[in-house]
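**Q** Compact mmCIF, C-alpha atoms, saved as model-v6.txt, coming up:
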```
# COMPACT_ATOMS: atom_id res chain seq x y z
CA MET P 1 7.81 -1.67 23.37
CA ALA P 2 5.57 -1.78 20.31
CA GLU P 3 8.25 -3.53 18.32
CA TRP P 4 8.57 -7.30 18.03
CA ALA P 5 10.95 -8.31 15.26
CA ASN P 6 13.78 -10.63 14.28
CA ILE P 7 12.26 -13.39 16.38
CA THR P 8 12.24 -17.11 15.56
CA PRO P 9 9.15 -18.59 17.23
CA ARG P 10 10.04 -21.61 19.29
CA THR P 11 9.20 -25.10 18.08
CA TRP P 12 8.00 -26.90 21.18
CA ALA P 13 9.18 -30.45 21.78
CA THR P 14 7.17 -33.20 23.44
CA ASP P 15 8.83 -32.94 26.82
CA ASP P 16 9.12 -29.17 26.90
CA PHE P 17 7.49 -27.32 29.72
CA VAL P 18 6.63 -23.66 29.88
CA VAL P 19 8.86 -21.44 31.98
CA ALA P 20 8.39 -17.73 32.42
CA GLN P 21 11.38 -16.75 30.32
CA ARG P 22 10.30 -18.82 27.34
CA TRP P 23 6.72 -17.70 27.66
CA ASN P 24 7.64 -14.04 27.72
CA GLN P 25 10.10 -14.25 24.85
CA ASP P 26 7.81 -16.21 22.63
CA TRP P 27 4.40 -14.89 23.58
CA GLY P 28 4.37 -12.14 26.21
CA ASP P 29 6.61 -9.83 24.19
CA PHE P 30 4.45 -10.37 21.14
CA LEU P 31 1.29 -9.46 23.00
CA ALA P 32 2.98 -6.41 24.48
CA THR P 33 3.50 -4.94 21.01
CA TRP P 34 -0.27 -4.86 20.56
CA VAL P 35 -1.03 -3.03 23.78
CA ASP P 36 2.01 -0.81 24.36
CA ASP P 37 2.08 2.75 23.05
CA TRP P 38 3.28 3.14 19.50
CA ILE P 39 6.84 4.38 19.05
CA ASP P 40 7.21 8.09 18.35
CA TRP P 41 8.31 8.84 14.82
CA LYS P 42 8.93 12.14 13.06
CA PRO P 43 8.29 12.12 9.32
CA VAL P 44 11.29 13.56 7.47
CA LEU P 45 11.33 14.74 3.87
CA THR P 46 14.41 14.59 1.70
CA ALA P 47 14.59 15.33 -2.00
CA SER P 48 16.30 14.09 -5.13
CA VAL P 49 18.32 17.34 -5.41
CA THR P 50 18.05 19.57 -2.32
CA ALA P 51 16.03 18.69 0.76
CA PRO P 52 13.33 21.11 1.93
CA THR P 53 13.72 22.82 5.30
CA TYR P 54 10.86 23.18 7.75
CA ASP P 55 12.41 23.86 11.15
CA GLY P 56 9.70 24.80 13.59
CA GLY P 57 7.04 23.07 11.57
CA GLN P 58 4.88 20.26 12.83
CA GLN P 59 6.33 16.76 12.63
CA PHE P 60 4.42 14.11 14.50
CA GLY P 61 3.76 10.45 14.03
CA ALA P 62 4.24 6.97 15.42
CA TYR P 63 4.85 3.44 14.24
CA ARG P 64 4.49 -0.12 15.43
CA ARG P 65 6.24 -3.25 14.19
CA ILE P 66 4.99 -6.79 14.74
CA GLY P 67 7.21 -9.27 12.93
CA LYS P 68 7.19 -8.25 9.27
CA TYR P 69 4.17 -5.99 9.66
CA VAL P 70 4.95 -2.29 10.00
CA SER P 71 2.20 0.28 10.64
CA ALA P 72 2.86 4.01 10.77
CA PHE P 73 1.04 7.30 10.59
CA GLY P 74 2.18 10.89 10.69
CA ARG P 75 1.95 14.41 9.45
CA LEU P 76 4.48 17.04 8.45
CA THR P 77 3.51 20.71 8.21
CA PHE P 78 5.68 23.56 6.98
CA PRO P 79 6.13 26.31 9.62
CA PRO P 80 4.56 29.79 9.39
CA SER P 81 7.86 31.27 8.24
CA GLY P 82 11.40 30.34 7.31
CA SER P 83 10.75 27.18 5.32
CA THR P 84 12.31 26.40 1.96
CA ALA P 85 10.90 24.01 -0.62
CA GLY P 86 14.25 22.62 -1.73
CA SER P 87 14.38 21.18 -5.23
CA GLY P 88 13.56 17.93 -6.96
CA GLY P 89 11.22 15.08 -6.09
CA TYR P 90 10.29 14.62 -2.44
CA TRP P 91 11.12 11.43 -0.57
CA LEU P 92 9.72 10.38 2.79
CA ASN P 93 12.02 8.58 5.22
CA LEU P 94 10.43 5.33 6.43
CA PRO P 95 10.32 4.44 10.13
CA VAL P 96 11.56 0.89 9.39
CA PRO P 97 13.33 -0.24 6.18
CA ALA P 98 10.97 -1.95 3.76
CA ARG P 99 11.62 -5.28 2.14
CA SER P 100 13.58 -4.80 -1.07
CA ALA P 101 11.75 -5.23 -4.36
CA SER P 102 13.40 -5.21 -7.75
CA GLY P 103 12.55 -3.53 -11.01
CA GLY P 104 10.86 -0.27 -11.94
CA THR P 105 8.81 1.86 -9.61
CA GLN P 106 8.50 0.12 -6.29
CA PRO P 107 5.60 -1.21 -4.22
CA ASN P 108 2.84 0.89 -2.80
CA LEU P 109 3.31 1.32 0.95
CA GLY P 110 0.36 3.47 1.90
CA HIS P 111 -1.76 6.51 1.29
CA GLY P 112 -2.31 10.02 2.57
CA PHE P 113 -3.07 13.56 1.53
CA LEU P 114 -1.34 16.75 0.51
CA TYR P 115 -2.52 20.09 1.89
CA ASP P 116 -2.15 23.47 0.19
CA SER P 117 -2.75 26.02 2.95
CA SER P 118 -3.04 29.13 0.78
CA ALA P 119 -5.71 27.56 -1.42
CA THR P 120 -7.31 25.44 1.33
CA ASN P 121 -6.94 22.54 -1.03
CA MET P 122 -6.44 18.87 -0.19
CA ARG P 123 -5.30 16.23 -2.61
CA MET P 124 -4.99 12.46 -2.17
CA CYS P 125 -1.57 10.89 -2.55
CA GLN P 126 0.14 7.52 -2.50
CA PHE P 127 3.51 6.50 -1.09
CA ASN P 128 5.61 4.07 -3.15
CA GLN P 129 8.91 2.57 -2.09
CA GLN P 130 11.86 4.46 -3.58
CA THR P 131 14.69 2.76 -1.72
CA ASP P 132 14.53 0.44 1.27
CA GLU P 133 14.55 3.52 3.51
CA THR P 134 12.50 6.03 1.52
CA ALA P 135 9.21 6.44 -0.34
CA VAL P 136 8.38 8.60 -3.33
CA ILE P 137 5.05 10.44 -3.22
CA PHE P 138 2.53 10.45 -6.08
CA GLY P 139 -0.13 13.18 -6.03
CA ALA P 140 -3.59 12.67 -7.52
CA GLY P 141 -3.95 14.35 -10.89
CA ALA P 142 -0.27 15.11 -10.96
CA TYR P 143 2.83 12.96 -10.82
CA ILE P 144 5.77 12.82 -8.40
CA VAL P 145 5.40 15.34 -5.58
CA SER P 146 8.28 17.80 -5.70
CA ASP P 147 9.23 21.32 -4.66
CA ALA P 148 6.95 22.64 -7.42
CA SER P 149 4.31 19.91 -7.82
CA PRO P 150 1.40 19.86 -7.32
CA TRP P 151 2.22 23.33 -5.95
CA ALA P 152 5.17 25.29 -4.58
CA TRP P 153 5.45 24.31 -0.90
CA THR P 154 5.19 27.18 1.56
CA ALA P 155 4.00 28.05 5.07
CA GLY P 156 1.20 25.87 6.42
CA ASP P 157 1.34 23.31 3.63
CA GLY P 158 1.54 19.71 4.77
CA ILE P 159 1.74 16.02 3.99
CA ALA P 160 -0.05 13.34 6.00
CA MET P 161 0.51 9.63 5.69
CA ASN P 162 -0.84 6.23 6.75
CA LEU P 163 1.57 3.38 5.96
CA PHE P 164 1.28 -0.40 6.30
CA TYR P 165 4.02 -2.51 4.72
CA GLU P 166 6.42 -5.44 4.98
CA GLY P 167 9.52 -4.55 6.95
CA GLN P 168 12.92 -6.13 6.61
CA MET F 169 1.68 -25.54 21.60
CA ASP F 170 3.14 -25.32 18.09
CA GLU F 171 -0.28 -25.23 16.53
CA TYR F 172 -1.60 -22.50 18.79
CA VAL F 173 1.51 -20.41 19.45
CA ARG F 174 4.41 -21.07 17.09
CA ASP F 175 2.37 -21.25 13.89
CA PHE F 176 0.45 -18.12 14.79
CA LEU F 177 3.65 -16.23 15.55
CA ASN F 178 5.24 -17.45 12.34
CA ALA F 179 2.38 -15.88 10.41
CA HIS F 180 3.76 -12.57 11.62
CA VAL F 181 7.41 -13.42 11.10
CA ASN F 182 7.38 -15.15 7.73
CA ALA F 183 8.14 -13.16 4.59
CA PHE F 184 5.15 -12.14 2.51
CA THR F 185 4.23 -14.49 -0.35
CA SER F 186 4.09 -13.75 -4.06
CA PHE F 187 1.01 -12.61 -5.92
CA ALA F 188 0.60 -11.75 -9.63
CA PRO F 189 -2.39 -9.46 -10.29
CA SER F 190 -4.49 -9.79 -13.41
CA ILE F 191 -7.22 -7.84 -15.16
CA THR F 192 -10.26 -9.27 -16.91
CA GLY F 193 -12.28 -7.17 -19.36
CA SER F 194 -16.04 -7.56 -19.31
CA THR F 195 -15.99 -7.83 -23.11
CA THR F 196 -12.35 -8.46 -24.06
CA SER F 197 -9.51 -8.81 -21.60
CA PRO F 198 -6.41 -6.66 -21.97
CA THR F 199 -3.08 -8.17 -22.94
CA TYR F 200 -0.08 -7.10 -20.93
CA GLY F 201 2.54 -7.03 -23.70
CA THR F 202 6.18 -8.04 -23.86
CA GLY F 203 8.19 -7.24 -20.78
CA ALA F 204 5.16 -6.52 -18.63
CA THR F 205 5.56 -6.62 -14.84
CA ARG F 206 2.96 -8.42 -12.74
CA ASP F 207 4.05 -9.07 -9.20
CA GLY F 208 3.28 -8.43 -5.58
CA LYS F 209 3.72 -9.60 -2.01
CA VAL F 210 0.98 -10.32 0.49
CA GLY F 211 0.88 -11.35 4.11
CA MET F 212 -1.98 -13.24 5.70
CA ILE F 213 -2.76 -13.34 9.40
CA GLY F 214 -5.93 -15.18 10.13
CA ASN F 215 -8.63 -13.37 8.19
CA MET F 216 -6.57 -10.27 7.38
CA CYS F 217 -4.81 -9.75 4.06
CA VAL F 218 -2.24 -6.97 3.57
CA GLY F 219 0.31 -6.34 0.86
CA TRP F 220 0.90 -4.77 -2.51
CA SER F 221 0.87 -5.50 -6.21
CA ARG F 222 1.97 -3.79 -9.38
CA LEU F 223 1.02 -4.34 -12.98
CA ILE F 224 3.06 -2.46 -15.58
CA MET F 225 2.05 -2.82 -19.22
CA GLY F 226 4.75 -3.95 -21.66
CA THR F 227 5.44 -3.34 -25.33
CA GLY F 228 2.48 -4.16 -27.57
CA ALA F 229 -0.05 -4.21 -24.71
CA THR F 230 -3.70 -3.97 -25.73
CA ALA F 231 -6.46 -2.40 -23.65
CA GLY F 232 -9.20 -4.88 -24.46
CA SER F 233 -12.75 -3.59 -24.03
CA GLY F 234 -15.42 -3.11 -21.42
CA SER F 235 -15.11 -2.76 -17.67
CA TYR F 236 -11.95 -3.86 -15.89
CA TYR F 237 -12.13 -6.50 -13.14
CA PHE F 238 -9.04 -6.93 -10.95
CA SER F 239 -8.07 -10.18 -9.25
CA LEU F 240 -7.50 -10.26 -5.48
CA PRO F 241 -4.84 -12.20 -3.52
CA ALA F 242 -7.60 -13.85 -1.48
CA GLN F 243 -11.35 -13.75 -1.41
CA ALA F 244 -12.65 -10.67 0.35
CA VAL F 245 -15.66 -10.55 2.60
CA VAL F 246 -18.51 -9.00 0.63
CA SER F 247 -21.62 -7.26 1.81
CA PRO F 248 -24.79 -9.36 1.92
CA ASP F 249 -26.45 -6.45 0.16
CA TYR F 250 -26.15 -6.99 -3.55
CA ASP F 251 -23.83 -4.49 -5.23
CA ALA F 252 -22.87 -2.76 -1.95
CA SER F 253 -19.21 -2.24 -2.75
CA TYR F 254 -16.46 -1.16 -0.38
CA PRO F 255 -12.70 -0.54 -0.77
CA VAL F 256 -10.24 -3.37 -0.22
CA ALA F 257 -7.18 -1.53 -1.48
CA SER F 258 -5.93 1.96 -2.16
CA GLY F 259 -3.62 2.68 -5.03
CA LEU F 260 -2.96 4.50 -8.22
CA PHE F 261 -3.14 4.16 -11.96
CA PHE F 262 -0.28 5.82 -13.82
CA ASP F 263 -0.78 7.18 -17.33
CA SER F 264 2.78 7.13 -18.59
CA SER F 265 2.36 9.13 -21.80
CA ALA F 266 0.72 12.04 -19.94
CA ALA F 267 2.80 11.58 -16.77
CA THR F 268 -0.44 11.72 -14.80
CA VAL F 269 -1.36 9.80 -11.65
CA TYR F 270 -4.93 8.74 -10.85
CA VAL F 271 -5.23 7.97 -7.14
CA GLY F 272 -8.13 5.77 -6.13
CA ASN F 273 -9.42 2.63 -4.50
CA LEU F 274 -10.14 -0.95 -5.47
CA TYR F 275 -13.73 -1.89 -4.60
CA VAL F 276 -15.15 -5.37 -4.18
CA THR F 277 -18.80 -6.16 -4.59
CA GLN F 278 -21.02 -9.19 -4.41
CA ALA F 279 -22.26 -8.35 -7.90
CA LEU F 280 -19.02 -9.72 -9.20
CA ILE F 281 -20.12 -13.24 -8.39
CA ASP F 282 -21.86 -13.19 -11.74
CA VAL F 283 -18.74 -12.48 -13.72
CA ASP F 284 -16.14 -14.21 -11.62
CA ALA F 285 -13.51 -15.59 -13.95
CA ILE F 286 -10.25 -15.98 -12.07
CA ASN F 287 -9.46 -18.77 -9.60
CA GLY F 288 -13.00 -18.92 -8.38
CA ARG F 289 -12.67 -15.64 -6.50
CA TYR F 290 -14.53 -12.40 -6.62
CA LEU F 291 -13.02 -9.61 -8.64
CA ALA F 292 -12.86 -5.92 -7.97
CA TYR F 293 -13.16 -2.56 -9.69
CA PHE F 294 -10.74 0.37 -9.59
CA ARG F 295 -12.17 3.87 -9.30
CA SER F 296 -9.98 6.98 -9.28
CA HIS F 297 -10.35 10.20 -7.34
CA ASN F 298 -12.21 12.25 -9.92
CA ALA F 299 -13.99 9.54 -11.88
CA THR F 300 -17.74 9.09 -12.03
CA THR F 301 -17.43 5.46 -13.14
CA PHE F 302 -15.18 2.51 -12.52
CA GLN F 303 -12.16 2.08 -14.76
CA THR F 304 -12.75 0.64 -18.19
CA ALA F 305 -10.58 -0.15 -21.18
CA ALA F 306 -11.21 3.39 -22.44
CA SER F 307 -11.55 5.50 -19.28
CA PRO F 308 -9.78 7.46 -17.91
CA VAL F 309 -7.44 6.46 -20.76
CA ALA F 310 -6.83 3.32 -22.78
CA PRO F 311 -3.89 1.64 -21.01
CA ALA F 312 -0.77 1.21 -23.14
CA VAL F 313 2.91 0.44 -22.72
CA SER F 314 4.42 1.65 -19.42
CA ASP F 315 1.03 2.48 -17.91
CA ALA F 316 0.73 0.88 -14.50
CA TRP F 317 -1.35 0.07 -11.43
CA TYR F 318 0.13 0.07 -7.94
CA LEU F 319 -2.23 -1.31 -5.31
CA HIS F 320 -2.00 -1.55 -1.52
CA TYR F 321 -4.27 -4.19 0.03
CA HIS F 322 -5.72 -4.23 3.52
CA TYR F 323 -8.95 -6.15 3.93
CA ALA F 324 -10.88 -8.95 5.59
CA VAL F 325 -10.65 -12.39 4.02
CA ASP F 326 -13.64 -14.66 3.66
CA ARG F 327 -12.21 -18.02 4.71
CA ASN F 328 -15.31 -19.87 3.61
CA VAL F 329 -14.44 -19.36 -0.02
CA TYR F 330 -10.74 -18.55 0.21
CA GLY F 331 -8.98 -20.55 -2.46
```
Translate this structure into structure tokens?
**A**
Amino acid sequence: MAEWANITPRTWATDDFVVAQRWNQDWGDFLATWVDDWIDWKPVLTASVTAPTYDGGQQFGAYRRIGKYVSAFGRLTFPPSGSTAGSGGYWLNLPVPARSASGGTQPNLGHGFLYDSSATNMRMCQFNQQTDETAVIFGAGAYIVSDASPWAWTAGDGIAMNLFYEGQ
Amino acid sequence: MDEYVRDFLNAHVNAFTSFAPSITGSTTSPTYGTGATRDGKVGMIGNMCVGWSRLIMGTGATAGSGSYYFSLPAQAVVSPDYDASYPVASGLFFDSSAATVYVGNLYVTQALIDVDAINGRYLAYFRSHNATTFQTAASPVAPAVSDAWYLHYHYAVDRNVYG
């Protein structure tokens, strides 16, 4: 299951007694989210102008949601051939919509790294909420990660992420 | 049952609560300027604190002087070894005029007991990816209008001193 959300925990009255259905809905399902496998999730990149293409590349990840708490990890790697970098700033699709926040650049949702295969170079990055469904990526020593920043994205390059945020 | 089940579950279901970060300078504290943004949301489950904050300098902001100490949403557990710091948040500092991002961590240390100045809690330092020292009013740059910190907390809370 690994997802327990949109639940209103029961307020128990004096004469209430525990029955299996109540116990499972209010407690068993919650515990199951901690022990069940995480839900498969494929990180997807879009862009402010034209989305990159990376068919055949590596996309793996998983997420878990417990109430408002969303945890996710993943990695996206451009394939050996046939990828295109697209154009504009890159956005990462979130596994679960984040709580809306108003004004300016949005909250920080997690961290990760950028990998430049040709230069064998790794760079730290941060993921900040762009919309409720997407995150913008900030690269260390640079600015917004895009088709050309901090480098032009080609075969073997990748983005890895570890997210922990408040879901809707 | 409510105390042991419902209230615990509600800690997971309830919306995160508000938090406004602040910075204290070891010599002179910065001023945030007109129109500054200081907000955040944090969730607390038992002794775990997670969430985010942002501090965006407004018009007329001043950098102050000395080392920067950042407030935390709740007291963090600190090492019993004096000055043994560890990260309690990841994040970035954004230099608006140069359009440059400094990615780094926020570190808490017991040494900060000596200079604690906000709400009776420990404070923390920010150190970016290529810096040899913690952030100060002058390094890596003197913060000015539109410069900003975005922090992402995930750490253990010390309930004995949590205020």
**Q** Using all atoms listed in the file, find the residues of chain P whose closest atom to chain F is at most 6 Å away, then write them as a list in words.
**A**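 Only these qualify: Pro9, Trp12, Gly67, Lys68, Asn108, Ala140, Gly141, Ala142 and Tyr143 of chain P.
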**Q** Could you write out the selected residues, including C-alpha atoms, as a short mmCIF file (atom, residue, chain, number, x, y, z; two decimals), in the coordinates of the input?
**A**
```cif
data_model
loop_
_atom_site.label_atom_id
_atom_site.label_comp_id
_atom_site.auth_asym_id
_atom_site.auth_seq_id
_atom_site.Cartn_x
_atom_site.Cartn_y
_atom_site.Cartn_z
CA PRO P 9 9.15 -18.59 17.23
CA TRP P 12 8.00 -26.90 21.18
CA GLY P 67 7.21 -9.27 12.93
CA LYS P 68 7.19 -8.25 9.27
CA ASN P 108 2.84 0.89 -2.80
CA ALA P 140 -3.59 12.67 -7.52
CA GLY P 141 -3.95 14.35 -10.89
CA ALA P 142 -0.27 15.11 -10.96
CA TYR P 143 2.83 12.96 -10.82
#
```
**Q** If we count all atoms listed in the file, what is near Ser100 (chain P) at a cut-off of 12 Å, once residues fewer than 6 positions away on the same chain are taken out, given as a ChimeraX atom specification?
**A** /P:106-107,129-134,165-168 /F:183-184,208-209
**Q** Which neighbours of Ala229 (chain F) fall inside 8 Å, counting all atoms listed in the file, when residues of the same chain fewer than 2 positions from it are skipped, and could you give them as a short mmCIF file (atom, residue, chain, number, x, y, z; two decimals) with C-alpha atoms, in the frame of the given file?
**A**
```cif
data_model
loop_
_atom_site.label_atom_id
_atom_site.label_comp_id
_atom_site.auth_asym_id
_atom_site.auth_seq_id
_atom_site.Cartn_x
_atom_site.Cartn_y
_atom_site.Cartn_z
CA PRO F 198 -6.41 -6.66 -21.97
CA THR F 199 -3.08 -8.17 -22.94
CA TYR F 200 -0.08 -7.10 -20.93
CA GLY F 201 2.54 -7.03 -23.70
CA THR F 202 6.18 -8.04 -23.86
CA MET F 225 2.05 -2.82 -19.22
CA GLY F 226 4.75 -3.95 -21.66
CA THR F 227 5.44 -3.34 -25.33
CA ALA F 231 -6.46 -2.40 -23.65
CA PRO F 311 -3.89 1.64 -21.01
CA ALA F 312 -0.77 1.21 -23.14
CA VAL F 313 2.91 0.44 -22.72
#
```
**Q** Can you tell me, as a PyMOL selection string, what residues are no more than 6 Å from region 76-89 of chain P when counting all atoms listed in the file, ignoring any on the same chain fewer than 6 positions away?
**A** chain P and resi 47-54+56-59+145-147+153+155-159
**Q** Mind giving me the straight-line distance from CA of Val325 (chain F) to CA of Arg99 (chain P) in Å, one decimal?
**A**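 Computing the Euclidean distance for CA of Val325 (chain F) and CA of Arg99 (chain P) yields 23.5 Å.
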**Q** Extract, using all atoms listed in the file, all DNA, RNA and protein residues at most 12 Å from Asn121 (chain P), discarding same-chain residues fewer than 2 positions from it, and format them as a PDB file with C-alpha atoms, in the frame of the given file.
**A**
```
ATOM      1  CA  PHE P 113      -3.070  13.560   1.530  1.00  0.00           C
ATOM      2  CA  LEU P 114      -1.340  16.750   0.510  1.00  0.00           C
ATOM      3  CA  TYR P 115      -2.520  20.090   1.890  1.00  0.00           C
ATOM      4  CA  ASP P 116      -2.150  23.470   0.190  1.00  0.00           C
ATOM      5  CA  SER P 117      -2.750  26.020   2.950  1.00  0.00           C
ATOM      6  CA  SER P 118      -3.040  29.130   0.780  1.00  0.00           C
ATOM      7  CA  ALA P 119      -5.710  27.560  -1.420  1.00  0.00           C
ATOM      8  CA  ARG P 123      -5.300  16.230  -2.610  1.00  0.00           C
ATOM      9  CA  MET P 124      -4.990  12.460  -2.170  1.00  0.00           C
ATOM     10  CA  PRO P 150       1.400  19.860  -7.320  1.00  0.00           C
ATOM     11  CA  TRP P 151       2.220  23.330  -5.950  1.00  0.00           C
ATOM     12  CA  GLY P 156       1.200  25.870   6.420  1.00  0.00           C
ATOM     13  CA  ASP P 157       1.340  23.310   3.630  1.00  0.00           C
ATOM     14  CA  GLY P 158       1.540  19.710   4.770  1.00  0.00           C
ATOM     15  CA  ILE P 159       1.740  16.020   3.990  1.00  0.00           C
TER      16      ILE P 159
END
```
**Q** Please return as a ChimeraX atom specification every residue within 8 Å of (-4.2, -12.8, -0.8), taking into account all atoms listed in the file and the file's own coordinates.
**A** /F:187,210-212,217-218,240-243
**Q** Tell me which protein, DNA and RNA residues are within 10 Å of Ser307 (chain F), counting all atoms listed in the file, leaving out same-chain ones fewer than 5 positions away, and put them as a ChimeraX atom specification.
**A** /F:234-236,299,301-302
**Q** Only C-alpha atoms, please: the residues just picked out, written as an mmCIF file, in the frame of the given file.
**A**
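Wrote result.cif, looks like this:
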```cif
data_model
loop_
_atom_site.group_PDB
_atom_site.id
_atom_site.type_symbol
_atom_site.label_atom_id
_atom_site.label_comp_id
_atom_site.auth_asym_id
_atom_site.auth_seq_id
_atom_site.Cartn_x
_atom_site.Cartn_y
_atom_site.Cartn_z
ATOM 1 C CA GLY F 234 -15.420 -3.110 -21.420
ATOM 2 C CA SER F 235 -15.110 -2.760 -17.670
ATOM 3 C CA TYR F 236 -11.950 -3.860 -15.890
ATOM 4 C CA ALA F 299 -13.990 9.540 -11.880
ATOM 5 C CA THR F 301 -17.430 5.460 -13.140
ATOM 6 C CA PHE F 302 -15.180 2.510 -12.520
#
```
**Q** What is the CA of Asn128 (chain P) to CA of Ile144 (chain P) distance in Å?
**A**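 Between these atoms lies a distance of 10.2 Å.
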**Q** Nearest to Asp315 (chain F) among F:Leu223, F:Leu274, F:Ser253, F:Gly228, with distances taken over all atoms listed in the file: which residue is it?
**A**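 Smallest distance to Asp315 (chain F) is found for F:Leu223.
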**Q** In terms of the shortest atom-to-atom distance over all atoms listed in the file, which of P:Phe30, P:Tyr63, P:Phe17, P:Trp91 is closest to Val136 (chain P)?
**A** P:Trp91
**Q** Please fill the gaps in region 106-121 of chain P so it has N, CA and C atoms, and write that as a PDB file, in the frame of the given file.
**A**
```
ATOM      1  N   GLN P 106       8.583   1.124  -7.332  1.00  0.00           N
ATOM      2  CA  GLN P 106       8.500   0.120  -6.290  1.00  0.00           C
ATOM      3  C   GLN P 106       7.108   0.009  -5.682  1.00  0.00           C
ATOM      4  N   PRO P 107       6.936  -0.915  -4.758  1.00  0.00           N
ATOM      5  CA  PRO P 107       5.600  -1.210  -4.220  1.00  0.00           C
ATOM      6  C   PRO P 107       4.946  -0.029  -3.505  1.00  0.00           C
ATOM      7  N   ASN P 108       3.640  -0.104  -3.498  1.00  0.00           N
ATOM      8  CA  ASN P 108       2.840   0.890  -2.800  1.00  0.00           C
ATOM      9  C   ASN P 108       2.832   0.558  -1.309  1.00  0.00           C
ATOM     10  N   LEU P 109       3.185   1.539  -0.492  1.00  0.00           N
ATOM     11  CA  LEU P 109       3.310   1.320   0.950  1.00  0.00           C
ATOM     12  C   LEU P 109       2.172   1.926   1.753  1.00  0.00           C
ATOM     13  N   GLY P 110       1.430   2.840   1.147  1.00  0.00           N
ATOM     14  CA  GLY P 110       0.360   3.470   1.900  1.00  0.00           C
ATOM     15  C   GLY P 110      -0.201   4.686   1.186  1.00  0.00           C
ATOM     16  N   HIS P 111      -1.067   5.393   1.900  1.00  0.00           N
ATOM     17  CA  HIS P 111      -1.760   6.510   1.290  1.00  0.00           C
ATOM     18  C   HIS P 111      -1.752   7.709   2.232  1.00  0.00           C
ATOM     19  N   GLY P 112      -2.262   8.829   1.750  1.00  0.00           N
ATOM     20  CA  GLY P 112      -2.310  10.020   2.570  1.00  0.00           C
ATOM     21  C   GLY P 112      -2.908  11.183   1.814  1.00  0.00           C
ATOM     22  N   PHE P 113      -2.601  12.392   2.264  1.00  0.00           N
ATOM     23  CA  PHE P 113      -3.070  13.560   1.530  1.00  0.00           C
ATOM     24  C   PHE P 113      -2.054  14.674   1.594  1.00  0.00           C
ATOM     25  N   LEU P 114      -2.166  15.561   0.607  1.00  0.00           N
ATOM     26  CA  LEU P 114      -1.340  16.750   0.510  1.00  0.00           C
ATOM     27  C   LEU P 114      -2.232  17.942   0.808  1.00  0.00           C
ATOM     28  N   TYR P 115      -1.704  18.949   1.501  1.00  0.00           N
ATOM     29  CA  TYR P 115      -2.520  20.090   1.890  1.00  0.00           C
ATOM     30  C   TYR P 115      -1.861  21.380   1.431  1.00  0.00           C
ATOM     31  N   ASP P 116      -2.609  22.161   0.655  1.00  0.00           N
ATOM     32  CA  ASP P 116      -2.150  23.470   0.190  1.00  0.00           C
ATOM     33  C   ASP P 116      -2.854  24.524   1.036  1.00  0.00           C
ATOM     34  N   SER P 117      -2.138  25.106   1.974  1.00  0.00           N
ATOM     35  CA  SER P 117      -2.750  26.020   2.950  1.00  0.00           C
ATOM     36  C   SER P 117      -3.326  27.271   2.292  1.00  0.00           C
ATOM     37  N   SER P 118      -2.600  27.854   1.359  1.00  0.00           N
ATOM     38  CA  SER P 118      -3.040  29.130   0.780  1.00  0.00           C
ATOM     39  C   SER P 118      -4.322  28.970  -0.029  1.00  0.00           C
ATOM     40  N   ALA P 119      -4.518  27.798  -0.608  1.00  0.00           N
ATOM     41  CA  ALA P 119      -5.710  27.560  -1.420  1.00  0.00           C
ATOM     42  C   ALA P 119      -6.748  26.723  -0.678  1.00  0.00           C
ATOM     43  N   THR P 120      -6.452  26.350   0.555  1.00  0.00           N
ATOM     44  CA  THR P 120      -7.310  25.440   1.330  1.00  0.00           C
ATOM     45  C   THR P 120      -7.721  24.250   0.468  1.00  0.00           C
ATOM     46  N   ASN P 121      -6.716  23.620  -0.084  1.00  0.00           N
ATOM     47  CA  ASN P 121      -6.940  22.540  -1.030  1.00  0.00           C
ATOM     48  C   ASN P 121      -6.269  21.264  -0.545  1.00  0.00           C
TER      49      ASN P 121
END
```
